[in-house]
Amino acid sequence: MNTTIVLFLLQDGITNGAIYALLGLALVLVFAVTRVILIPQGEFVTYGALTYATLASGQVPGTARLVVAMGIVAFALDLFMRRRSLRPALIGQSLATNIVLPVAILILTLTVAGKDTPIAVDIALSLLIVGAIGLFLYRIAFAPIAHTSVLVLLIAAVGCHLALQGIGLVFFGAEGQRGPPLSNAAITIDRLRFSGQSIAVYAVTSALIVALWLLFSFTLYGKALRATAVNRLGARLVGIRTAMSGQIAFLLAAVIGAISGILIVPITTLYYDTGFLIGLKGFVAAIIGGLVSYPLTAIAALVVGTVEAFSSFYASNFKEVIVFALIIPVLLLRSLATPALDEEEE
């Protein structure tokens, strides 16, 4: 171990920590607004990365067809839930949202795939597809049980994770994929070499954090999300549509997960189940942040990435164990400092 190795490990840790920070922020956002511990966050990473890689290779990703299938299920669920108050306007609105939009996404994907399209187009289409999956996932799996206990929501989240992982195996196969880098440029500073992809990770992470801050501070939808996070019942009483807040939260989480996957897939080979492990490390950062604090979650994510980098150097066989063991002292301290309280009934 010397100064050069320490600098390289810190660089690697900060790069990984930036990704974990994005995932941790998404987990905190979803839990604050919907009380859902989003176990499938890792699948958003996988779907975003492999959808982008598939489009870049000139093929049609199966996730585009999944959007149509989920839209049909959501449309049928809408008709069933509103069967006693069906009106042509409601049917038309549901048809446009759940059928027309997914079909349009599929047609756009079929049109774009197979052609020599720019990387920016493949990225935008990947975000559109995964964002739609996030929206329909909330509508199908979580909106009907939004007022149940956290335990029931957690069980539903685990079920969604298993289902999406199995679907990912069907769509992408067991072999890993890599996508084209966003930039082939490189910068050398003293003994450190920063690739264009690493710089993109830092830039995109910083931009997303600033964008989320602007969203929550200065936009109507952001303030509605904050109000729902503070008091769900109070938000409903003042006219905020908490169901819409849940959809926005899942949309943001899906897009953030897809962006994370697109940033990772040029650096390392991703498989259909790789995202779960990456998402768990973001979950560790979110737990350290108490599932409520965005700044603490971001700082914890950098710590997690740095610990992982140094663990891979000193004890590579146990690096995952060391990273996940970080939550043990945090949970112990929180259990000692927090008095036991019954779950609040809404």
# chains A, B, ... in the order shown; residues from 1 in each chain; ligands from 1
$ closest_atom_pairs --of "range 186-293 of chain A" --to "range 169-177 of chain A" --cutoff "6 Å" --atoms "only C-alpha atoms" --output "Markdown table"
| residue | atom | partner | partner_atom | distance |
| --- | --- | --- | --- | --- |
| A:Thr269 | CA | A:Gln177 | CA | 5.4 |
| A:Leu270 | CA | A:Gly176 | CA | 5.1 |
| A:Tyr271 | CA | A:Gly176 | CA | 4.4 |
| A:Tyr272 | CA | A:Leu169 | CA | 5.6 |
$ write_last_selection --atoms "C-alpha atoms" --output "PDB file, in the first residue's frame"
ATOM      1  CA  THR A 269     -20.379  -6.423 -17.462  1.00  0.00           C
ATOM      2  CA  LEU A 270     -23.922  -6.560 -16.102  1.00  0.00           C
ATOM      3  CA  TYR A 271     -26.120  -9.660 -15.850  1.00  0.00           C
ATOM      4  CA  TYR A 272     -29.853  -9.944 -15.334  1.00  0.00           C
TER       5      TYR A 272
END
$ select_by_dssp --residues "range 119-284 of chain A" --states "helix (DSSP H, G or I)" --output "ChimeraX atom specification"
/A:119-145,150-172,196-218,220-230,232-237,242-264,274-284
$ atom_distance --atom1 "CA of Ile262 in chain A" --atom2 "CA of Ala49 in chain A"
4.6 Å
$ atom_distance --atom1 "CA of Glu308 in chain A" --atom2 "CA of Phe324 in chain A"
9.7 Å
$ closest_residue --among "A:Ala286, A:Ala229, A:Leu182, A:Gly239" --to "Val121 in chain A" --atoms "only C-alpha atoms"
A:Leu182
$ closest_residue --among "A:Val230, A:Ala309, A:Leu237, A:Val204" --to "Leu10 in chain A" --atoms "only C-alpha atoms"
A:Ala309
$ residues_around --residues "Ile133 in chain A" --least-positions-apart "3" --cutoff "12 Å" --atoms "only C-alpha atoms" --output "VMD selection string"
chain A and resid 40 to 41 43 to 44 47 to 48 62 to 71 74 98 101 to 102 105 126 to 130 136 to 141 160 164 247 250 to 255 257 to 258
